There are 2 protein chains.
Amino acid sequence: MDGPPPPSPRRRLEPEARREQILDAAVAHFAEVGLGGTTRDLARRAGVTQALVYQYFGSKAELTEAVFARVYLGRLEPGWPDAIRDRATPIEARLCAFYAEYTRAIFTYEWMRIFMWAGLTGEVLNRRYLDHVGERLLAPLREEIAASPGLMAPSMEDMWNLHGGIVYIGIRRFIYHLPTPEDPAPAIASAVRRFLAGLAAPA
Amino acid sequence: MDGPPPPSPRRRLEPEARREQILDAAVAHFAEVGLGGTTRDLARRAGVTQALVYQYFGSKAELTEAVFARVYLGRLEPGWPDAIRDRATPIEARLCAFYAEYTRAIFTYEWMRIFMWAGLTGEVLNRRYLDHVGERLLAPLREEIAASPGLMAPSMEDMWNLHGGIVYIGIRRFIYHLPTPEDPAPAIASAVRRFLAGLAAPA
DNA sequence: CCACTTGTTGATCAATTGATCAGCGGCGGG
DNA sequence: CCCGCCGCTGATCAATTGATCAACAAGTGG
């Protein structure tokens with residue numbers, strides 16, 4: 001016999017590891033079925049009993065908050081605004097690089113779907129997140145474009161149009177389950193190039 | 001006394017009118033809280049008892065189907081493909097006119113939200129609808145653009161990018177409750193003009 | 001090998017919710 | 001004016017679900 005199997009399905013775990021395991025399952029579960037998913041299905045997914053969920057999270061609301069924290073926190077890199085303003089790099093390269101990073105951060109099954117569900121249910125975090133995107137990312141990008149020679153200044157609505165066209169790739173893939181290019185970079189590059197070409201001064 | 005008030009809150013209604021009233025409330029209710037909304041809240045909203053809902057709809061699934069039928073049917077105008085191919089009109093005007101019509105059809109609180117909720121829950125109707133959009137609307141639009149002198153042929157991914165950028169206006173407004181221009185026409189015109197300018201042959 | 005700590009479980013409660021049904025009562029016909 | 005049809009309601013059932021708790025047992029120190 002193999003004696004005690006240490007890395008195999010051990011029953012007792014250290015609280016921290018167990019909590020992490022449940023939280024992981026919660027993120028996956030709520031991303032799939034929505035924030036209205038039951039704690040029983042979640043527990044089954046995590047391989048524990050439903051009662052144990054309440055050992056680590058006092059209520060479903062508390063669990064939901066932990067899921068939000070796990071999904072939202074640390075997605076927006078603090079270095080982005082600086083990279084956006086780095087005029088040593090051409091504006092087109094800056095836009096492509098930013099959206100490559102941005103989509104790498106948010107184009108995941110969990111993030112896209114939980115964000116959309118939270119949006120539909122009117123979560124305040126979504127408003128805050130999107131306000132941040134508009135003011136800290138799109139507005140600076142707009143200024144940089146406006147400061148680029150030979151380009152007309154786009155409106156914020158134009159910026160949201162660029163943003164939406166790119167984000168829609170993730171919506172198609174993770175919300176609607178439509179086929180999309182595996183690597184969004186070419187589509188992003190194409191969209192950015194078109195966007196800037198459309199802003200080229202007609203003279 | 002005003003005698004018998006005929007158009008006032010009558011109790012007994014003809015079955016057809018009552019069914020319509022409940023269905024209207026169902027569309028509004030499910031758009032707001034999602035397809036998981038309770039029949040009791042729905043009944044309260046319609047001003048009837050919960051039992052009456054089951055007089056007109058055998059089950060909640062049946063009610064949901066009726067909601068889908070009400071929301072989806074008749075949105076896609078059969079005349080659009082023809083208008084798209086009307087080469088007597090300049091391509092830019094055709095694109096603007098199409099998206100003016102298209103957004104006029106789908107930019108409603110009910111349509112946008114029910115469509116998004118159905119997308120998250122994996123409703124088959126969404127796939128069918130979006131396949132239809134791609135094959136019957138975007139593909140012809142792409143062909144028309146490709147056939148326009150001085151323009152490079154966009155890829156289907158480019159077409160989805162144009163589409164997504166415009167649809168995102170409705171997502172911002174009805175899903176995320178962000179402020180958007182009341183009339184999307186100028187933003188659409190701007191996006192279409194940029195899109196085509198970006199496709200202008202570089203020579 | 002025993003005993004204590006504590007991570008874990010099965011059982012259970014109360015509230016919610018989809019669905020049913022017997023009976024009330026508005027309203028038109030006679 | 002009253003009778004009967006049928007639209008409508010209140011009560012109720014069974015299943016689901018968030019939350020709780022006493023008790024079990026895995027691991028550890030003595």
# chains A, B, ... in the order shown; residues from 1 in each chain; ligands from 1
>>> closest_atom_pairs(of="chain B", to="chain C", cutoff="10 Å", atoms="only C-alpha atoms (C1' of nucleotides)", output="tab-separated table")
residue	atom	partner	partner_atom	distance
B:Arg10	CA	C:DG26	C1'	9.6
B:Arg11	CA	C:DG26	C1'	7.7
B:Arg12	CA	C:DG26	C1'	6.8
B:Thr38	CA	C:DT17	C1'	7.1
B:Thr39	CA	C:DG18	C1'	8.0
B:Arg40	CA	C:DT17	C1'	8.3
B:Ala51	CA	C:DA19	C1'	8.5
B:Tyr54	CA	C:DA19	C1'	7.9
B:Gly58	CA	C:DA19	C1'	9.0
B:Ser59	CA	C:DA19	C1'	7.8
B:Lys60	CA	C:DG18	C1'	7.6
>>> write_last_selection(atoms="N, CA and C atoms", output="PDB file, in the first residue's frame")
ATOM      1  N   ARG B  10     -61.015  48.373 -14.263  1.00  0.00           N
ATOM      2  CA  ARG B  10     -61.980  47.274 -14.297  1.00  0.00           C
ATOM      3  C   ARG B  10     -61.332  46.013 -13.789  1.00  0.00           C
ATOM      4  N   ARG B  11     -62.044  45.191 -13.135  1.00  0.00           N
ATOM      5  CA  ARG B  11     -61.494  43.944 -12.627  1.00  0.00           C
ATOM      6  C   ARG B  11     -61.420  42.883 -13.723  1.00  0.00           C
ATOM      7  N   ARG B  12     -62.569  42.576 -14.275  1.00  0.00           N
ATOM      8  CA  ARG B  12     -62.619  41.522 -15.307  1.00  0.00           C
ATOM      9  C   ARG B  12     -62.179  42.049 -16.660  1.00  0.00           C
ATOM     10  N   THR B  38     -39.044  36.533  -9.992  1.00  0.00           N
ATOM     11  CA  THR B  38     -40.127  35.694  -9.489  1.00  0.00           C
ATOM     12  C   THR B  38     -41.457  36.069 -10.140  1.00  0.00           C
ATOM     13  N   THR B  39     -42.331  35.067 -10.221  1.00  0.00           N
ATOM     14  CA  THR B  39     -43.659  35.319 -10.781  1.00  0.00           C
ATOM     15  C   THR B  39     -44.485  36.188  -9.837  1.00  0.00           C
ATOM     16  N   ARG B  40     -44.155  36.158  -8.559  1.00  0.00           N
ATOM     17  CA  ARG B  40     -44.913  36.991  -7.619  1.00  0.00           C
ATOM     18  C   ARG B  40     -44.637  38.468  -7.832  1.00  0.00           C
ATOM     19  N   ALA B  51     -51.474  33.695  -9.058  1.00  0.00           N
ATOM     20  CA  ALA B  51     -52.182  32.552  -9.641  1.00  0.00           C
ATOM     21  C   ALA B  51     -52.661  32.855 -11.056  1.00  0.00           C
ATOM     22  N   TYR B  54     -50.557  31.963 -14.069  1.00  0.00           N
ATOM     23  CA  TYR B  54     -50.583  30.575 -14.516  1.00  0.00           C
ATOM     24  C   TYR B  54     -51.886  30.216 -15.205  1.00  0.00           C
ATOM     25  N   GLY B  58     -48.799  28.408 -18.907  1.00  0.00           N
ATOM     26  CA  GLY B  58     -48.764  27.129 -18.205  1.00  0.00           C
ATOM     27  C   GLY B  58     -47.598  26.958 -17.259  1.00  0.00           C
ATOM     28  N   SER B  59     -46.476  27.555 -17.578  1.00  0.00           N
ATOM     29  CA  SER B  59     -45.300  27.437 -16.724  1.00  0.00           C
ATOM     30  C   SER B  59     -44.447  28.681 -16.923  1.00  0.00           C
ATOM     31  N   LYS B  60     -43.456  28.807 -16.074  1.00  0.00           N
ATOM     32  CA  LYS B  60     -42.580  29.958 -16.199  1.00  0.00           C
ATOM     33  C   LYS B  60     -41.776  29.885 -17.497  1.00  0.00           C
TER      34      LYS B  60
END
>>> interface_residues(of="chain D", to="chain B", cutoff="8 Å", atoms="only C-alpha atoms (C1' of nucleotides)", output="PyMOL selection string")
chain D and resi 7-9
>>> closest_atom_pairs(of="chain A", to="chain B", cutoff="6 Å", atoms="only C-alpha atoms", output="JSON lines")
{"residue": "A:Gly119", "atom": "CA", "partner": "B:Tyr176", "partner_atom": "CA", "distance": 5.3}
{"residue": "A:Leu120", "atom": "CA", "partner": "B:Ile175", "partner_atom": "CA", "distance": 5.4}
{"residue": "A:Asn161", "atom": "CA", "partner": "B:Gly165", "partner_atom": "CA", "distance": 4.7}
{"residue": "A:Gly164", "atom": "CA", "partner": "B:Gly165", "partner_atom": "CA", "distance": 4.6}
{"residue": "A:Gly165", "atom": "CA", "partner": "B:Gly165", "partner_atom": "CA", "distance": 3.8}
{"residue": "A:Tyr168", "atom": "CA", "partner": "B:Gly164", "partner_atom": "CA", "distance": 5.2}
{"residue": "A:Ile175", "atom": "CA", "partner": "B:Leu120", "partner_atom": "CA", "distance": 5.4}
{"residue": "A:Tyr176", "atom": "CA", "partner": "B:Gly119", "partner_atom": "CA", "distance": 5.3}
{"residue": "A:Arg194", "atom": "CA", "partner": "B:Gly198", "partner_atom": "CA", "distance": 4.1}
{"residue": "A:Ala197", "atom": "CA", "partner": "B:Gly198", "partner_atom": "CA", "distance": 4.9}
{"residue": "A:Gly198", "atom": "CA", "partner": "B:Arg194", "partner_atom": "CA", "distance": 4.0}
>>> closest_residue(among="A:Val133, A:Ala61, A:Leu141, A:Ile106", to="Ile84 of chain A", atoms="only C-alpha atoms")
A:Leu141
>>> atom_distance(atom1="atom CA of Ala105 of chain A", atom2="atom CA of Ala139 of chain A")
19.6 Å
>>> select_by_dssp(residues="segment 81-181 of chain B", states="helix (DSSP H, G or I)", output="ChimeraX atom specification")
/B:81-84,91-106,109-120,124-146,156-175
>>> atom_distance(atom1="atom CA of Phe107 of chain B", atom2="atom CA of Thr64 of chain B")
20.7 Å
>>> atom_distance(atom1="atom CA of Ala83 of chain B", atom2="atom CA of Ala189 of chain B")
17.2 Å
>>> closest_residue(among="A:Asp41, A:Phe30, A:Tyr72, A:Glu16", to="Tyr56 of chain A", atoms="only C-alpha atoms")
A:Glu16
